[in-house]
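A.B. asks: Data file input.tsv (TSV, C-alpha atoms (C1' of nucleotides)) is appended below.
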chain	number	residue	atom	x	y	z
Q	991	MET	CA	39.79	50.79	16.59
Q	992	GLY	CA	36.50	52.56	16.52
Q	993	LYS	CA	38.42	55.75	16.15
Q	994	THR	CA	37.54	57.83	13.13
Q	995	ARG	CA	40.16	57.87	10.46
Q	996	GLU	CA	40.85	60.49	7.88
Q	997	VAL	CA	39.67	59.24	4.56
Q	998	SER	CA	41.96	60.98	2.17
Q	999	ALA	CA	40.82	60.89	-1.41
Q	1000	LEU	CA	43.63	63.13	-2.52
Q	1001	PRO	CA	47.30	62.27	-2.07
Q	1002	GLU	CA	49.03	64.23	0.64
Q	1003	PRO	CA	51.93	66.36	-0.51
Q	1004	GLY	CA	54.90	64.16	-1.32
Q	1005	TRP	CA	53.05	60.88	-0.94
Q	1006	SER	CA	51.61	58.69	-3.66
Q	1007	ALA	CA	47.87	58.10	-3.67
Q	1008	TRP	CA	46.61	55.17	-1.60
Q	1009	GLN	CA	46.36	52.08	-3.76
Q	1010	PRO	CA	44.91	48.66	-2.96
Q	1011	LEU	CA	47.35	45.83	-2.34
Q	1012	VAL	CA	46.10	43.59	-5.09
Q	1013	GLY	CA	46.34	39.95	-4.14
Q	1014	LEU	CA	46.02	40.58	-0.42
Q	1015	PRO	CA	42.65	39.35	0.88
Q	1016	PRO	CA	40.66	41.63	3.22
Q	1017	LEU	CA	42.13	41.61	6.72
Q	1018	SER	CA	40.93	42.56	10.16
Q	1019	ALA	CA	42.80	45.32	11.93
Q	1020	GLN	CA	44.14	42.75	14.36
Q	1021	VAL	CA	45.52	40.50	11.64
Q	1022	LEU	CA	47.15	43.39	9.82
Q	1023	ALA	CA	48.77	44.51	13.06
Q	1024	GLU	CA	49.86	40.98	13.87
Q	1025	THR	CA	51.36	40.53	10.42
Q	1026	LEU	CA	53.39	43.72	10.36
Q	1027	ASP	CA	54.01	44.35	14.03
Q	1028	GLY	CA	53.60	40.99	15.73
Q	1029	GLY	CA	57.23	39.94	15.94
Q	1030	GLN	CA	58.15	38.89	12.41
Q	1031	ALA	CA	59.48	42.35	11.64
Q	1032	PHE	CA	60.72	45.07	13.95
Q	1033	ARG	CA	60.48	48.22	11.88
Q	1034	TRP	CA	56.76	48.98	11.61
Q	1035	GLN	CA	55.12	51.58	13.77
Q	1036	ARG	CA	51.57	52.78	14.15
Q	1037	GLU	CA	51.03	56.37	13.09
Q	1038	SER	CA	48.56	58.66	14.83
Q	1039	ASP	CA	46.02	58.16	12.04
Q	1040	GLY	CA	46.12	54.39	12.53
Q	1041	CYS	CA	48.15	53.40	9.50
Q	1042	PHE	CA	51.48	51.56	9.74
Q	1043	LEU	CA	54.73	53.10	8.63
Q	1044	GLY	CA	57.55	50.71	7.80
Q	1045	VAL	CA	61.10	50.69	6.51
Q	1046	TRP	CA	62.90	47.74	4.94
Q	1047	ALA	CA	66.08	47.89	2.86
Q	1048	ASP	CA	65.87	51.34	1.26
Q	1049	HIS	CA	62.09	51.21	1.02
Q	1050	LEU	CA	59.53	53.17	3.00
Q	1051	ALA	CA	55.79	52.66	2.87
Q	1052	ARG	CA	52.56	53.19	4.73
Q	1053	ILE	CA	49.88	50.53	4.93
Q	1054	ARG	CA	46.30	50.90	6.11
Q	1055	ARG	CA	42.91	49.19	5.80
Q	1056	SER	CA	40.02	50.56	3.84
Q	1057	ALA	CA	36.52	50.41	5.29
Q	1058	THR	CA	36.07	46.98	3.72
Q	1059	GLY	CA	39.31	45.64	5.14
Q	1060	GLN	CA	41.20	45.86	1.89
Q	1061	ALA	CA	44.81	46.76	2.60
Q	1062	GLU	CA	46.16	49.83	0.83
Q	1063	TRP	CA	49.62	51.29	0.49
Q	1064	SER	CA	51.22	54.63	-0.13
Q	1065	ALA	CA	54.84	55.70	-0.41
Q	1066	PRO	CA	56.82	58.88	-0.83
Q	1067	ALA	CA	56.21	59.79	-4.47
Q	1068	PRO	CA	59.82	59.51	-5.65
Q	1069	LEU	CA	60.14	56.07	-4.07
Q	1070	ALA	CA	56.76	54.71	-5.09
Q	1071	PRO	CA	57.79	53.10	-8.39
Q	1072	ARG	CA	60.37	50.95	-6.60
Q	1073	VAL	CA	58.27	50.38	-3.50
Q	1074	ALA	CA	55.45	48.77	-5.46
Q	1075	PRO	CA	57.37	45.65	-6.54
Q	1076	ALA	CA	59.30	45.59	-3.26
Q	1077	LEU	CA	56.06	45.46	-1.30
Q	1078	HIS	CA	54.85	42.64	-3.50
Q	1079	THR	CA	57.86	40.57	-2.47
Q	1080	TYR	CA	57.87	41.74	1.14
Q	1081	LEU	CA	54.24	40.77	1.72
Q	1082	GLY	CA	54.63	37.47	-0.07
Q	1083	LEU	CA	51.98	38.38	-2.64
Q	1084	ASP	CA	53.61	35.97	-5.06
Q	1085	ARG	CA	52.39	33.10	-2.91
Q	1086	ASN	CA	48.87	31.90	-2.30
Q	1087	PHE	CA	48.70	31.98	1.47
Q	1088	PRO	CA	45.00	31.11	1.68
Q	1089	ASP	CA	45.73	27.86	-0.17
Q	1090	LEU	CA	48.91	27.20	1.80
Q	1091	THR	CA	47.04	27.79	5.05
Q	1092	ASP	CA	44.21	25.52	3.99
Q	1093	SER	CA	46.73	22.76	3.35
Q	1094	LEU	CA	47.78	22.78	7.01
Q	1095	PRO	CA	46.41	19.82	9.00
Q	1096	TRP	CA	43.68	21.84	10.71
Q	1097	ARG	CA	41.04	19.27	9.85
Q	1098	SER	CA	42.68	16.82	12.23
Q	1099	ASP	CA	43.96	19.36	14.74
Q	1100	ALA	CA	41.27	21.24	16.61
Q	1101	HIS	CA	43.65	23.67	18.27
Q	1102	LEU	CA	45.27	24.59	14.98
Q	1103	ALA	CA	41.81	25.09	13.52
Q	1104	THR	CA	41.02	27.52	16.33
Q	1105	CYS	CA	44.21	29.47	15.69
Q	1106	LEU	CA	43.57	29.70	11.94
Q	1107	ALA	CA	40.08	30.97	12.65
Q	1108	ALA	CA	41.40	33.52	15.14
Q	1109	PHE	CA	43.80	35.14	12.64
Q	1110	PRO	CA	42.30	34.66	9.17
Q	1111	GLY	CA	44.65	35.96	6.49
Q	1112	LEU	CA	47.79	35.92	8.61
Q	1113	ARG	CA	50.85	35.46	6.42
Q	1114	ILE	CA	54.61	35.14	6.56
Q	1115	LEU	CA	56.65	38.14	5.45
Q	1116	ARG	CA	59.59	37.87	3.09
Q	1117	GLN	CA	62.03	40.37	4.55
Q	1118	PRO	CA	65.57	41.18	3.40
Q	1119	PHE	CA	67.76	38.30	4.58
Q	1120	GLY	CA	70.52	40.35	6.18
Q	1121	GLU	CA	68.13	42.61	8.06
Q	1122	THR	CA	66.25	39.62	9.38
Q	1123	LEU	CA	69.49	38.18	10.69
Q	1124	LEU	CA	70.27	41.45	12.42
Q	1125	GLY	CA	66.85	41.67	14.00
Q	1126	PHE	CA	66.85	38.18	15.43
Q	1127	LEU	CA	70.45	38.45	16.62
Q	1128	CYS	CA	69.02	41.14	18.89
Q	1129	SER	CA	66.05	39.09	20.00
Q	1130	ALA	CA	67.61	36.93	22.71
Q	1131	THR	CA	65.65	37.39	25.96
Q	1132	LYS	CA	64.15	40.65	24.76
Q	1133	GLN	CA	60.56	41.68	24.19
Q	1134	ILE	CA	59.42	42.94	20.82
Q	1135	VAL	CA	59.23	46.55	22.02
Q	1136	GLN	CA	62.85	46.42	23.11
Q	1137	ILE	CA	64.01	44.80	19.89
Q	1138	LYS	CA	62.24	47.53	17.93
Q	1139	GLN	CA	64.02	50.14	20.00
Q	1140	MET	CA	67.39	48.54	19.28
Q	1141	MET	CA	66.62	48.46	15.55
Q	1142	ALA	CA	65.54	52.09	15.61
Q	1143	LEU	CA	68.77	53.15	17.31
Q	1144	LEU	CA	70.92	51.08	14.96
Q	1145	ALA	CA	69.20	52.68	11.99
Q	1146	ALA	CA	69.28	56.22	13.34
Q	1147	ARG	CA	72.96	56.07	14.30
Q	1148	HIS	CA	74.49	53.75	11.74
Q	1149	GLY	CA	72.14	53.48	8.79
Q	1150	THR	CA	71.97	55.56	5.64
Q	1151	GLU	CA	69.37	58.31	5.60
Q	1152	ILE	CA	66.97	57.48	2.76
Q	1153	LEU	CA	64.71	60.50	3.34
Q	1154	PRO	CA	64.96	63.36	5.81
Q	1155	GLY	CA	64.65	61.80	9.25
Q	1156	ILE	CA	64.25	58.28	7.87
Q	1157	HIS	CA	67.16	55.88	8.11
Q	1158	ARG	CA	67.50	52.37	6.77
Q	1159	LEU	CA	69.20	49.71	8.87
Q	1160	PRO	CA	72.97	49.49	8.49
Q	1161	SER	CA	74.17	46.82	6.08
Q	1162	TRP	CA	76.54	44.13	7.36
Q	1163	PRO	CA	79.54	45.81	5.68
Q	1164	GLU	CA	78.55	49.01	7.46
Q	1165	LEU	CA	78.16	47.19	10.77
Q	1166	ALA	CA	81.65	45.77	10.35
Q	1167	THR	CA	83.04	49.29	10.71
Q	1168	VAL	CA	81.28	49.95	14.02
Q	1169	PRO	CA	83.20	49.11	17.21
Q	1170	GLU	CA	81.49	46.74	19.62
Q	1171	ALA	CA	81.42	49.39	22.32
Q	1172	THR	CA	79.52	51.73	20.01
Q	1173	LEU	CA	77.02	48.99	19.24
Q	1174	ARG	CA	76.55	48.43	22.95
Q	1175	ALA	CA	75.41	52.02	23.22
Q	1176	CYS	CA	72.40	51.08	21.06
Q	1177	LEU	CA	70.97	49.15	24.05
Q	1178	LEU	CA	72.19	45.87	22.62
Q	1179	GLY	CA	73.85	44.56	25.77
Q	1180	PHE	CA	75.67	41.26	25.29
Q	1181	ARG	CA	74.13	41.01	21.81
Q	1182	ALA	CA	76.58	43.67	20.66
Q	1183	ARG	CA	79.38	41.10	20.71
Q	1184	TYR	CA	77.37	38.69	18.56
Q	1185	ILE	CA	76.68	41.40	16.01
Q	1186	ALA	CA	80.24	42.68	15.96
Q	1187	GLN	CA	81.66	39.17	15.52
Q	1188	THR	CA	79.11	38.23	12.90
Q	1189	ALA	CA	79.87	41.44	11.01
Q	1190	GLN	CA	83.60	40.65	11.10
Q	1191	PHE	CA	83.01	37.13	9.82
Q	1192	LEU	CA	80.75	38.32	6.99
Q	1193	ALA	CA	83.25	41.01	6.03
Q	1194	ALA	CA	85.92	38.32	5.76
Q	1195	HIS	CA	83.66	36.09	3.67
Q	1196	PRO	CA	82.10	38.13	0.86
Q	1197	GLY	CA	79.04	36.51	-0.69
Q	1198	TRP	CA	78.66	34.06	2.20
Q	1199	LEU	CA	75.34	35.45	3.39
Q	1200	GLU	CA	73.89	35.77	-0.12
Q	1201	GLU	CA	74.86	32.20	-0.89
Q	1202	THR	CA	73.39	30.98	2.38
Q	1203	GLU	CA	70.03	32.42	1.40
Q	1204	THR	CA	69.98	30.26	-1.74
Q	1205	LEU	CA	70.99	26.97	-0.10
Q	1206	PRO	CA	68.49	24.24	0.77
Q	1207	TYR	CA	66.91	24.63	4.19
Q	1208	ALA	CA	69.09	22.19	6.14
Q	1209	ALA	CA	72.35	23.48	4.68
Q	1210	ALA	CA	71.33	27.11	5.13
Q	1211	LYS	CA	70.37	26.49	8.74
Q	1212	GLU	CA	73.63	24.75	9.49
Q	1213	ARG	CA	75.59	27.66	8.09
Q	1214	LEU	CA	73.58	30.25	9.99
Q	1215	CYS	CA	74.09	28.31	13.22
Q	1216	SER	CA	77.85	28.64	12.75
Q	1217	LEU	CA	77.54	32.40	13.27
Q	1218	PRO	CA	78.16	33.75	16.78
Q	1219	GLY	CA	74.87	34.32	18.56
Q	1220	VAL	CA	72.87	32.27	16.09
Q	1221	GLY	CA	71.35	29.08	17.45
Q	1222	GLU	CA	68.53	26.94	16.11
Q	1223	LYS	CA	65.76	29.33	17.07
Q	1224	VAL	CA	67.33	32.41	15.52
Q	1225	ALA	CA	68.37	30.51	12.40
Q	1226	ASP	CA	64.82	29.26	11.90
Q	1227	CYS	CA	63.40	32.76	12.34
Q	1228	VAL	CA	65.83	34.14	9.77
Q	1229	LEU	CA	64.96	31.41	7.28
Q	1230	LEU	CA	61.22	31.69	7.89
Q	1231	PHE	CA	60.82	35.48	7.93
Q	1232	GLY	CA	63.80	36.40	5.74
Q	1233	ALA	CA	63.95	33.64	3.14
Q	1234	GLY	CA	60.42	32.33	2.83
Q	1235	ARG	CA	61.37	28.86	4.07
Q	1236	LEU	CA	58.01	27.80	5.43
Q	1237	GLU	CA	59.44	24.51	6.67
Q	1238	ALA	CA	61.48	26.37	9.30
Q	1239	PHE	CA	59.84	25.86	12.71
Q	1240	PRO	CA	61.27	28.24	15.32
Q	1241	VAL	CA	60.85	26.94	18.85
Q	1242	ASP	CA	60.69	29.83	21.29
Q	1243	VAL	CA	59.25	30.15	24.76
Q	1244	TRP	CA	55.77	30.81	23.37
Q	1245	ILE	CA	55.78	27.68	21.24
Q	1246	ILE	CA	57.10	25.64	24.14
Q	1247	LYS	CA	54.24	27.03	26.22
Q	1248	THR	CA	51.71	26.27	23.49
Q	1249	MET	CA	52.96	22.73	23.02
Q	1250	GLU	CA	52.71	22.12	26.74
Q	1251	LEU	CA	49.31	23.76	27.19
Q	1252	ARG	CA	47.52	22.75	23.99
Q	1253	TYR	CA	49.31	19.58	22.92
Q	1254	GLY	CA	50.24	18.08	26.28
Q	1255	LEU	CA	53.96	17.99	25.54
Q	1256	THR	CA	54.95	18.69	29.11
Q	1257	GLY	CA	58.66	18.65	29.81
Q	1258	TRP	CA	59.65	18.27	26.17
Q	1259	LYS	CA	62.94	19.83	25.15
Q	1260	PRO	CA	63.14	22.35	22.28
Q	1261	ALA	CA	64.73	19.83	19.92
Q	1262	GLN	CA	61.96	17.33	20.62
Q	1263	ILE	CA	59.30	19.97	20.09
Q	1264	ALA	CA	60.93	20.95	16.80
Q	1265	HIS	CA	60.78	17.35	15.65
Q	1266	PHE	CA	57.15	17.06	16.73
Q	1267	GLY	CA	56.32	20.28	14.89
Q	1268	ARG	CA	57.92	19.20	11.64
Q	1269	THR	CA	56.23	15.82	11.62
Q	1270	HIS	CA	52.86	16.96	12.95
Q	1271	PHE	CA	52.43	20.16	10.90
Q	1272	GLY	CA	54.30	19.05	7.79
Q	1273	PRO	CA	56.30	20.98	5.18
Q	1274	LEU	CA	54.62	24.30	6.06
Q	1275	ALA	CA	55.26	23.93	9.79
Q	1276	GLY	CA	56.56	27.49	9.98
Q	1277	LEU	CA	53.26	28.87	8.76
Q	1278	ALA	CA	51.43	26.84	11.39
Q	1279	GLN	CA	53.91	28.11	13.97
Q	1280	GLN	CA	52.96	31.70	13.24
Q	1281	PHE	CA	49.28	31.03	13.86
Q	1282	LEU	CA	50.07	29.19	17.09
Q	1283	PHE	CA	52.44	31.95	18.18
Q	1284	SER	CA	50.01	34.78	17.47
Q	1285	SER	CA	47.15	33.00	19.18
Q	1286	GLU	CA	49.08	32.07	22.30
Q	1287	ARG	CA	50.50	35.55	22.62
Q	1288	SER	CA	47.12	37.22	22.23
Q	1289	LEU	CA	45.61	34.97	24.91
Q	1290	ARG	CA	48.27	35.67	27.49
Q	1291	GLY	CA	50.23	38.82	27.40
A	486	DA	C1'	64.78	46.50	45.14
A	487	DT	C1'	64.61	42.22	42.58
A	488	DC	C1'	63.21	39.87	38.64
A	489	DC	C1'	62.34	38.93	34.07
A	490	DA	C1'	62.73	39.19	29.02
A	491	DG	C1'	61.26	35.59	21.18
A	492	DG	C1'	68.40	32.63	23.35
A	493	DT	C1'	73.15	31.18	22.93
A	494	DA	C1'	77.64	29.63	24.48
A	495	DT	C1'	80.20	27.48	27.86
A	496	DG	C1'	81.49	24.54	31.65
A	497	DC	C1'	80.90	20.61	34.28
A	498	DA	C1'	78.75	15.65	35.73
R	1350	DT	C1'	74.09	13.98	26.04
R	1351	DG	C1'	72.12	16.62	29.64
R	1352	DC	C1'	71.39	20.44	32.82
R	1353	DA	C1'	72.90	24.85	35.11
R	1354	DT	C1'	74.74	29.38	34.66
R	1355	DA	C1'	76.52	33.71	32.75
R	1356	DC	C1'	75.74	37.24	29.53
R	1357	DC	C1'	73.65	43.30	29.33
R	1358	DT	C1'	70.18	46.28	30.83
R	1359	DG	C1'	65.66	48.84	30.61
R	1360	DG	C1'	61.32	48.46	32.61
R	1361	DA	C1'	57.54	46.34	35.65
Once more with this new file: its structure as C-alpha cells, please.

C.D. replies:
Amino acid sequence: MGKTREVSALPEPGWSAWQPLVGLPPLSAQVLAETLDGGQAFRWQRESDGCFLGVWADHLARIRRSATGQAEWSAPAPLAPRVAPALHTYLGLDRNFPDLTDSLPWRSDAHLATCLAAFPGLRILRQPFGETLLGFLCSATKQIVQIKQMMALLAARHGTEILPGIHRLPSWPELATVPEATLRACLLGFRARYIAQTAQFLAAHPGWLEETETLPYAAAKERLCSLPGVGEKVADCVLLFGAGRLEAFPVDVWIIKTMELRYGLTGWKPAQIAHFGRTHFGPLAGLAQQFLFSSERSLRG
DNA sequence: ATCCAGGTATGCA
DNA sequence: TGCATACCTGGA
C-alpha cells in the first residue's frame, strides 16, 4: 500500500476494460486481500501492480480497488462474457452480506463486534464445490502458502490449460487417472493418498459429489466426512466456502485459540467448540467464524 | 539440527 | 468415549 498504481483508462491488449463490481461495497485493501487470499481460496496471487489474479473452474480474472475502494474486475477479452456472471456467483454478489453480517449477534458480543469492525465488508466466497474439496483435502497441517503451492503444481501438471501458461485445477475425473506417487510429487505428502482414494471413490460414484452439494447441511456434511481425509473441519470448510452454507462452523486451530483467548473456553474440545459456535453465533455461524479467524490471524502471525 | 504446520485415521485404555 | 501417535516434507 502507498505504492503508486498504474491507472489504466484504456484496456491493455487482450484484456477487457476494468469494470466496477456492482453490488460489492467499497473495501479496504486489507479486506480485499483477506477475502481473496486469506485462506478461503488458494488460487489468487498478487500481481506486481497490486491487483489480484485468480483462477477458478475455467475462469480467469483480475480484481483491484479503485481510488475510492470500489472493487473492479477485468478478464481476458474472449473469456470476459462468461467471467462476468461467474464472478457474480463466486463473490456471492447474489447475497446481501452487509445485512447478513448485521444480523450476527455483535450487539451482545463485544469481541465479535471488534472483529466485524476490523474487517468491514468481509464476505464468504462461493467457490466451485469440487475445487474447494481438493483445496481443503490438502490443508491438513499446512500453511496457506504451502497449500497454494500444492494447488499451483496440481494445476500446472494435471489441469487443462485454459490460456497460454494458465491452467485450471484438475477435475476429479482427471485426478482419478493420476497415480498416487505422481500426486505425491506435487508436494502433497500423505495428503496424496487422501486425494487418490477420494478420486477413486468419486469415479466409482458418478453424480455423488454434485448431489452432495444439493443436500441439506447435516446430510451433506455426513457424506463428505465419509471421504478419506475429510473430517469435520474439512467438511465444514467445503460446505462454507464451496456451497454457501453459512451455518457451517469450521473449528481449526485458530478458532480454538480464539475461543480460548477471547471467550474463555479453555480446554474445550473441537466438538464442544463447534456446538458453542452454532448456538452462540446462530444460523450464520460460519460468517462469524470468518471474522473471528481473520482477526485472530492478523493479530498473531 | 529439530520442530512445526487450517487435520484425519487408527490403535489402545 | 477419550487421548496419544503416525502420517509427508518444505521452511524457519

A.B. asks: State, in Å with one decimal place, the distance from CA of Glu1121 in chain Q to CA of Ser1006 in chain Q.

C.D. replies: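 It comes out at 25.9 Å.
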
A.B. asks: Range 486-489 of chain A: which residues within 12 Å, counting all atoms listed in the file, same-chain residues fewer than 3 positions away excluded, as a list in words?

C.D. replies: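 So the residues in contact are Thr1131, Lys1132 and Gln1133 of chain Q; DT1358, DG1359, DG1360 and DA1361 of chain R.
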
A.B. asks: Could you turn the residues from that selection into a file that holds C-alpha atoms (C1' of nucleotides), as a PDB file, in the coordinates of the input?

C.D. replies:
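After the write, out21.pdb holds the following:
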ATOM      1  CA  THR Q1131      65.650  37.390  25.960  1.00  0.00           C
ATOM      2  CA  LYS Q1132      64.150  40.650  24.760  1.00  0.00           C
ATOM      3  CA  GLN Q1133      60.560  41.680  24.190  1.00  0.00           C
TER       4      GLN Q1133
ATOM      5  C1'  DT R1358      70.180  46.280  30.830  1.00  0.00           C
ATOM      6  C1'  DG R1359      65.660  48.840  30.610  1.00  0.00           C
ATOM      7  C1'  DG R1360      61.320  48.460  32.610  1.00  0.00           C
ATOM      8  C1'  DA R1361      57.540  46.340  35.650  1.00  0.00           C
TER       9       DA R1361
END

A.B. asks: Residues of chain Q within 9 Å of chain R, counting only C-alpha atoms (C1' of nucleotides) - could you list those as an NGL selection string?

C.D. replies: :Q and (1136 or 1174 or 1177-1181)

A.B. asks: Separation of CA of His1078 in chain Q and CA of Leu1277 in chain Q, in Å?

C.D. replies: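 One can read the CA of His1078 in chain Q to CA of Leu1277 in chain Q distance as 18.5 Å.
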
A.B. asks: Determine, for each residue of chain Q having at least one atom at most 12 Å from an atom of chain A, the closest pair of atoms and their separation in Å to one decimal, counting only C-alpha atoms (C1' of nucleotides); order by chain and ascending number, as a Markdown table.

C.D. replies:
| residue | atom | partner | partner_atom | distance |
| --- | --- | --- | --- | --- |
| Q:Gly1028 | CA | A:DG491 | C1' | 10.8 |
| Q:Gly1029 | CA | A:DG491 | C1' | 7.9 |
| Q:Gln1030 | CA | A:DG491 | C1' | 9.9 |
| Q:Ala1031 | CA | A:DG491 | C1' | 11.8 |
| Q:Phe1032 | CA | A:DG491 | C1' | 11.9 |
| Q:Gly1125 | CA | A:DG491 | C1' | 10.9 |
| Q:Phe1126 | CA | A:DG491 | C1' | 8.4 |
| Q:Leu1127 | CA | A:DG492 | C1' | 9.1 |
| Q:Cys1128 | CA | A:DG492 | C1' | 9.6 |
| Q:Ser1129 | CA | A:DG491 | C1' | 6.0 |
| Q:Ala1130 | CA | A:DG492 | C1' | 4.4 |
| Q:Thr1131 | CA | A:DA490 | C1' | 4.6 |
| Q:Lys1132 | CA | A:DA490 | C1' | 4.7 |
| Q:Gln1133 | CA | A:DA490 | C1' | 5.9 |
| Q:Ile1134 | CA | A:DG491 | C1' | 7.6 |
| Q:Val1135 | CA | A:DA490 | C1' | 10.7 |
| Q:Gln1136 | CA | A:DA490 | C1' | 9.3 |
| Q:Ile1137 | CA | A:DG491 | C1' | 9.7 |
| Q:Phe1180 | CA | A:DT493 | C1' | 10.7 |
| Q:Arg1181 | CA | A:DT493 | C1' | 9.9 |
| Q:Arg1183 | CA | A:DT493 | C1' | 11.9 |
| Q:Tyr1184 | CA | A:DT493 | C1' | 9.7 |
| Q:Cys1215 | CA | A:DT493 | C1' | 10.2 |
| Q:Ser1216 | CA | A:DT493 | C1' | 11.5 |
| Q:Leu1217 | CA | A:DT493 | C1' | 10.7 |
| Q:Pro1218 | CA | A:DT493 | C1' | 8.3 |
| Q:Gly1219 | CA | A:DT493 | C1' | 5.6 |
| Q:Val1220 | CA | A:DT493 | C1' | 6.9 |
| Q:Gly1221 | CA | A:DT493 | C1' | 6.1 |
| Q:Glu1222 | CA | A:DG492 | C1' | 9.2 |
| Q:Lys1223 | CA | A:DG492 | C1' | 7.6 |
| Q:Val1224 | CA | A:DG492 | C1' | 7.9 |
| Q:Ala1225 | CA | A:DG492 | C1' | 11.2 |
| Q:Asp1226 | CA | A:DG491 | C1' | 11.8 |
| Q:Cys1227 | CA | A:DG491 | C1' | 9.5 |
| Q:Pro1240 | CA | A:DG491 | C1' | 9.4 |
| Q:Val1241 | CA | A:DG491 | C1' | 9.0 |
| Q:Asp1242 | CA | A:DG491 | C1' | 5.8 |
| Q:Val1243 | CA | A:DG491 | C1' | 6.8 |
| Q:Trp1244 | CA | A:DG491 | C1' | 7.6 |
| Q:Ile1245 | CA | A:DG491 | C1' | 9.6 |
| Q:Ile1246 | CA | A:DG491 | C1' | 11.2 |
| Q:Pro1260 | CA | A:DG492 | C1' | 11.6 |
| Q:Phe1283 | CA | A:DG491 | C1' | 10.0 |
| Q:Ser1284 | CA | A:DG491 | C1' | 11.9 |
| Q:Arg1287 | CA | A:DG491 | C1' | 10.9 |

A.B. asks: By how many Å are CA of Glu1164 in chain Q and CA of His1148 in chain Q apart?

C.D. replies: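 These two atoms are separated by 7.6 Å.
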
A.B. asks: Find the residue from Q:Val1073, Q:Leu1090, Q:Ala1019, Q:Val1228 that sits nearest to Ser1056 in chain Q; use only C-alpha atoms when measuring.

C.D. replies: Q:Ala1019
